[in-house]
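Structure data (mmCIF, C-alpha atoms) from final-v9.cif:
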data_input
#
loop_
_atom_site.label_atom_id
_atom_site.label_comp_id
_atom_site.auth_asym_id
_atom_site.auth_seq_id
_atom_site.Cartn_x
_atom_site.Cartn_y
_atom_site.Cartn_z
CA MET A 1 22.48 -2.85 -3.68
CA SER A 2 22.95 -2.63 0.07
CA ASN A 3 21.87 -5.45 2.35
CA ALA A 4 19.70 -2.96 4.27
CA ILE A 5 17.51 -2.01 1.33
CA GLU A 6 17.32 -5.62 0.13
CA THR A 7 16.09 -6.69 3.55
CA LYS A 8 13.44 -3.95 3.48
CA GLN A 9 12.48 -4.93 -0.07
CA ALA A 10 11.89 -8.49 1.08
CA ARG A 11 9.57 -7.17 3.79
CA VAL A 12 7.64 -5.10 1.24
CA GLU A 13 7.28 -8.14 -1.02
CA ALA A 14 6.00 -10.26 1.87
CA THR A 15 3.41 -7.59 2.67
CA MET A 16 2.29 -7.35 -0.96
CA ARG A 17 1.82 -11.11 -1.08
CA LEU A 18 -0.44 -11.28 1.99
CA ALA A 19 -3.60 -10.75 -0.08
CA ALA A 20 -4.73 -9.56 -3.50
CA VAL A 21 -5.78 -6.18 -2.13
CA ILE A 22 -4.26 -3.66 0.28
CA PRO A 23 -7.08 -1.39 1.46
CA VAL A 24 -6.29 2.31 1.34
CA VAL A 25 -8.01 3.80 4.37
CA ILE A 26 -8.92 7.43 5.04
CA ILE A 27 -10.03 7.51 8.66
CA ASP A 28 -11.59 10.48 10.45
CA ASP A 29 -12.21 8.87 13.84
CA ALA A 30 -9.41 6.87 15.46
CA LYS A 31 -12.00 5.01 17.55
CA ALA A 32 -13.10 3.23 14.37
CA ALA A 33 -9.62 1.93 13.62
CA VAL A 34 -9.59 -1.23 15.72
CA PRO A 35 -13.03 -2.62 14.79
CA MET A 36 -12.40 -1.72 11.14
CA ALA A 37 -9.04 -3.51 11.12
CA ARG A 38 -10.50 -6.54 12.87
CA ALA A 39 -13.22 -6.72 10.20
CA LEU A 40 -10.64 -6.54 7.41
CA VAL A 41 -8.46 -9.24 8.99
CA ALA A 42 -11.51 -11.44 9.58
CA GLY A 43 -12.34 -11.06 5.90
CA GLY A 44 -8.88 -12.20 4.83
CA ILE A 45 -7.23 -8.80 4.26
CA PRO A 46 -4.35 -8.40 6.76
CA ALA A 47 -2.27 -5.60 5.18
CA ILE A 48 -3.89 -2.21 5.79
CA GLU A 49 -2.64 1.17 4.55
CA VAL A 50 -3.84 4.07 6.70
CA THR A 51 -3.22 7.32 4.84
CA LEU A 52 -1.83 10.44 6.48
CA ARG A 53 -4.70 12.52 5.13
CA THR A 54 -6.49 13.13 8.42
CA PRO A 55 -5.45 14.14 11.95
CA ALA A 56 -6.66 10.75 13.22
CA ALA A 57 -4.28 8.71 11.06
CA LEU A 58 -1.34 8.25 13.44
CA ASP A 59 -3.59 7.43 16.39
CA ALA A 60 -5.39 4.90 14.19
CA ILE A 61 -2.11 3.26 13.18
CA ARG A 62 -0.98 3.16 16.80
CA ALA A 63 -4.22 1.49 17.90
CA ILE A 64 -4.22 -1.11 15.11
CA ALA A 65 -0.56 -1.97 15.71
CA ALA A 66 -1.19 -2.47 19.42
CA GLU A 67 -4.58 -4.17 19.44
CA VAL A 68 -5.34 -6.05 16.21
CA GLU A 69 -3.79 -9.48 15.99
CA GLY A 70 -2.91 -10.51 12.46
CA ALA A 71 -2.93 -6.99 11.03
CA ALA A 72 0.05 -5.62 9.13
CA VAL A 73 -0.66 -1.92 9.38
CA GLY A 74 1.16 0.55 7.18
CA VAL A 75 1.11 4.26 6.53
CA GLY A 76 0.17 5.94 3.26
CA THR A 77 0.62 9.40 1.75
CA VAL A 78 4.17 9.58 3.13
CA LEU A 79 5.81 12.73 1.79
CA SER A 80 8.75 13.48 4.08
CA GLU A 81 11.27 12.29 6.63
CA LYS A 82 8.96 13.62 9.34
CA ASP A 83 6.16 11.37 8.06
CA LEU A 84 8.44 8.33 8.07
CA LYS A 85 9.61 8.94 11.62
CA ALA A 86 6.09 9.55 12.92
CA ALA A 87 4.78 6.40 11.24
CA GLU A 88 7.60 4.26 12.57
CA ALA A 89 7.03 5.60 16.08
CA ALA A 90 3.32 4.76 15.78
CA GLY A 91 4.11 1.14 14.96
CA ALA A 92 3.61 1.07 11.20
CA ARG A 93 5.19 -1.90 9.44
CA PHE A 94 5.47 -0.37 5.98
CA ALA A 95 5.18 3.03 4.30
CA VAL A 96 3.68 4.03 0.96
CA SER A 97 4.30 7.24 -0.98
CA PRO A 98 2.35 8.64 -3.96
CA GLY A 99 5.60 9.53 -5.69
CA VAL A 100 9.18 10.16 -4.64
CA SER A 101 11.67 12.94 -4.10
CA PRO A 102 15.44 12.67 -3.54
CA ARG A 103 15.00 13.79 0.09
CA LEU A 104 12.33 11.19 0.77
CA LEU A 105 14.48 8.42 -0.69
CA ASP A 106 17.46 9.55 1.40
CA ALA A 107 15.26 9.50 4.49
CA ALA A 108 13.99 6.02 3.57
CA ASP A 109 17.59 4.80 3.32
CA ASP A 110 18.11 5.88 6.93
CA SER A 111 14.78 4.52 8.18
CA ALA A 112 14.05 0.98 9.33
CA LEU A 113 10.57 1.29 7.79
CA PRO A 114 10.23 -0.42 4.38
CA LEU A 115 8.99 1.94 1.66
CA LEU A 116 6.69 1.17 -1.27
CA PRO A 117 7.34 4.22 -3.45
CA GLY A 118 5.02 5.49 -6.15
CA ALA A 119 5.79 5.76 -9.85
CA ALA A 120 3.64 6.82 -12.80
CA THR A 121 6.14 6.63 -15.68
CA ALA A 122 8.78 4.21 -16.94
CA SER A 123 11.48 6.78 -16.19
CA GLU A 124 10.36 7.06 -12.57
CA ALA A 125 10.33 3.29 -12.29
CA MET A 126 13.86 3.09 -13.75
CA ASN A 127 15.16 5.71 -11.32
CA LEU A 128 13.71 3.76 -8.40
CA LEU A 129 15.19 0.53 -9.73
CA GLU A 130 18.61 2.20 -9.70
CA ARG A 131 18.07 2.99 -6.01
CA GLY A 132 17.33 -0.68 -5.29
CA TYR A 133 13.52 -0.60 -5.39
CA ARG A 134 11.99 -3.59 -7.18
CA PHE A 135 8.53 -3.25 -5.64
CA LEU A 136 6.61 -0.11 -6.56
CA LYS A 137 3.20 1.48 -6.30
CA PHE A 138 1.77 2.43 -9.71
CA PHE A 139 -0.19 5.62 -9.05
CA PRO A 140 -2.63 6.95 -10.11
CA ALA A 141 -3.17 3.63 -11.84
CA VAL A 142 -6.25 4.25 -13.97
CA LEU A 143 -5.49 7.86 -14.87
CA ALA A 144 -1.82 7.11 -15.62
CA GLY A 145 -2.66 4.54 -18.28
CA GLY A 146 -4.35 1.63 -16.56
CA SER A 147 -3.65 -2.04 -16.96
CA LYS A 148 -2.59 -1.69 -20.61
CA LEU A 149 0.25 0.69 -19.75
CA LEU A 150 1.36 -1.39 -16.79
CA GLY A 151 1.26 -4.56 -18.88
CA ALA A 152 3.45 -2.88 -21.50
CA TRP A 153 6.15 -2.36 -18.87
CA ALA A 154 6.41 -6.07 -18.05
CA SER A 155 8.81 -6.88 -20.89
CA PRO A 156 11.26 -3.92 -20.66
CA LEU A 157 11.13 -3.78 -16.84
CA PRO A 158 10.91 -7.46 -15.84
CA GLN A 159 12.60 -6.90 -12.47
CA ILE A 160 9.80 -4.73 -11.09
CA ARG A 161 6.55 -5.79 -9.44
CA PHE A 162 3.74 -3.34 -8.82
CA CYS A 163 0.82 -2.53 -6.57
CA PRO A 164 -1.43 -0.37 -8.78
CA THR A 165 -3.51 2.10 -6.78
CA GLY A 166 -5.84 4.91 -7.79
CA GLY A 167 -9.20 4.27 -9.43
CA ILE A 168 -9.11 0.55 -8.61
CA SER A 169 -12.42 -1.16 -7.83
CA LEU A 170 -13.74 -4.68 -7.44
CA SER A 171 -14.77 -4.61 -11.11
CA ASN A 172 -11.43 -3.54 -12.65
CA ALA A 173 -9.03 -5.10 -10.13
CA PRO A 174 -8.95 -8.41 -12.06
CA ASP A 175 -7.57 -6.60 -15.13
CA PHE A 176 -4.55 -5.54 -13.08
CA LEU A 177 -4.19 -8.74 -11.07
CA ALA A 178 -4.00 -10.75 -14.29
CA LEU A 179 -0.72 -9.01 -15.20
CA SER A 180 2.55 -10.86 -14.59
CA ASN A 181 4.13 -7.78 -13.00
CA VAL A 182 1.36 -7.13 -10.45
CA LEU A 183 1.44 -8.69 -6.98
CA CYS A 184 -1.59 -6.91 -5.51
CA VAL A 185 -3.72 -3.81 -5.93
CA GLY A 186 -4.57 -0.98 -3.57
CA GLY A 187 -8.07 0.39 -3.21
CA SER A 188 -10.34 2.45 -1.01
CA TRP A 189 -13.54 0.55 -1.81
CA LEU A 190 -13.13 -1.85 1.12
CA THR A 191 -13.59 0.89 3.73
CA PRO A 192 -16.12 3.39 2.34
CA ALA A 193 -16.67 6.50 4.44
CA GLU A 194 -20.34 5.73 5.11
CA LYS A 195 -19.53 2.30 6.57
CA LEU A 196 -16.76 3.72 8.76
CA LYS A 197 -19.08 6.45 10.01
CA SER A 198 -21.99 4.10 10.73
CA GLY A 199 -19.82 1.34 12.22
CA ASP A 200 -20.88 -1.25 9.65
CA TRP A 201 -18.09 -3.68 10.46
CA ALA A 202 -20.02 -6.66 9.08
CA GLY A 203 -20.31 -4.80 5.78
CA ILE A 204 -16.59 -4.09 5.72
CA GLU A 205 -15.84 -7.73 6.47
CA LEU A 206 -18.03 -8.75 3.54
CA LEU A 207 -16.19 -6.35 1.21
CA ALA A 208 -12.90 -7.77 2.49
CA ARG A 209 -14.04 -11.34 1.77
CA GLU A 210 -14.93 -10.37 -1.80
CA ALA A 211 -11.53 -8.74 -2.26
CA ALA A 212 -9.66 -11.65 -0.68
CA GLY A 213 -11.30 -13.95 -3.21
CA LEU A 214 -9.79 -12.13 -6.21
CA ARG A 215 -7.35 -14.26 -8.16
CA ARG A 216 -3.74 -13.29 -8.73
#

Let's see the structure in the file written out as structure tokens.
Amino acid sequence: MSNAIETKQARVEATMRLAAVIPVVIIDDAKAAVPMARALVAGGIPAIEVTLRTPAALDAIRAIAAEVEGAAVGVGTVLSEKDLKAAEAAGARFAVSPGVSPRLLDAADDSALPLLPGAATASEAMNLLERGYRFLKFFPAVLAGGSKLLGAWASPLPQIRFCPTGGISLSNAPDFLALSNVLCVGGSWLTPAEKLKSGDWAGIELLAREAAGLRR
């Protein structure tokens, strides 16, 4: 394993250990990014994944990176080298992909941005392990087999630690966080669309506090 990927893996691990939950944010208005991120940080949730699912995403990442002290902002739904470069230029500190392709992994090797790649099967996890990835996103977590499937991987794949994402909520997050091979979970419930639209930052901070209190 190269020193470069090991260094980036250490940065991914540090991000995953910041809190029990990494919020997965779909943001339509970049003006909401800074107050939203401040509410999350105030609630004890510093790592924030802003997905590239809306035109506002890169501007939101740029604003959070520049203006929110204590936030570790990352980019989600990374599919290509272009996405990686744009996210890095915007100031993202980590990148997350729903799955992987050979071209994306090659681009990640050449990028300074640490990647948390997605896997949904043991074979995908093994292929990523061969490329030097010990920290993976398990996606879509609930639909792919849930906590029982992920727990079954702990013995044959003891080197890998996961951030399950997809269908995670406050009620089922503890099932995943109880697993020895889970460092954190990802979820969209901390930043619901109606609270972002109405500017309910106090409500988002409250959701963050609940999530930060989850045990690992």

Residues within 12 Å of Arg134 in chain A, please, as a ChimeraX atom specification. Count only C-alpha atoms; anything in the same chain fewer than 2 positions from it doesn't count.
/A:1,5-13,115-119,125-132,136-137,157-163,181-183

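Across the model, the gap from CA of Val73 in chain A to CA of Val25 in chain A is 10.6 Å.
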
Selection result for the PyMOL selection byres ((chain A and resi 151) around 10) on this file, as a PyMOL selection string:
chain A and resi 145-150+152-155+175-176+178-182

Separation of CA of Met36 in chain A from CA of Glu67 in chain A in Å:
11.7 Å

As a check of understanding: the span from CA of Ser123 in chain A to CA of Pro156 in chain A is 11.6 Å

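In this comparison, which uses all atoms listed in the file, the residue of A:Ala63, A:Ala4, A:Ala57, A:Ile48 approaching Asp28 in chain A most closely is A:Ala57.
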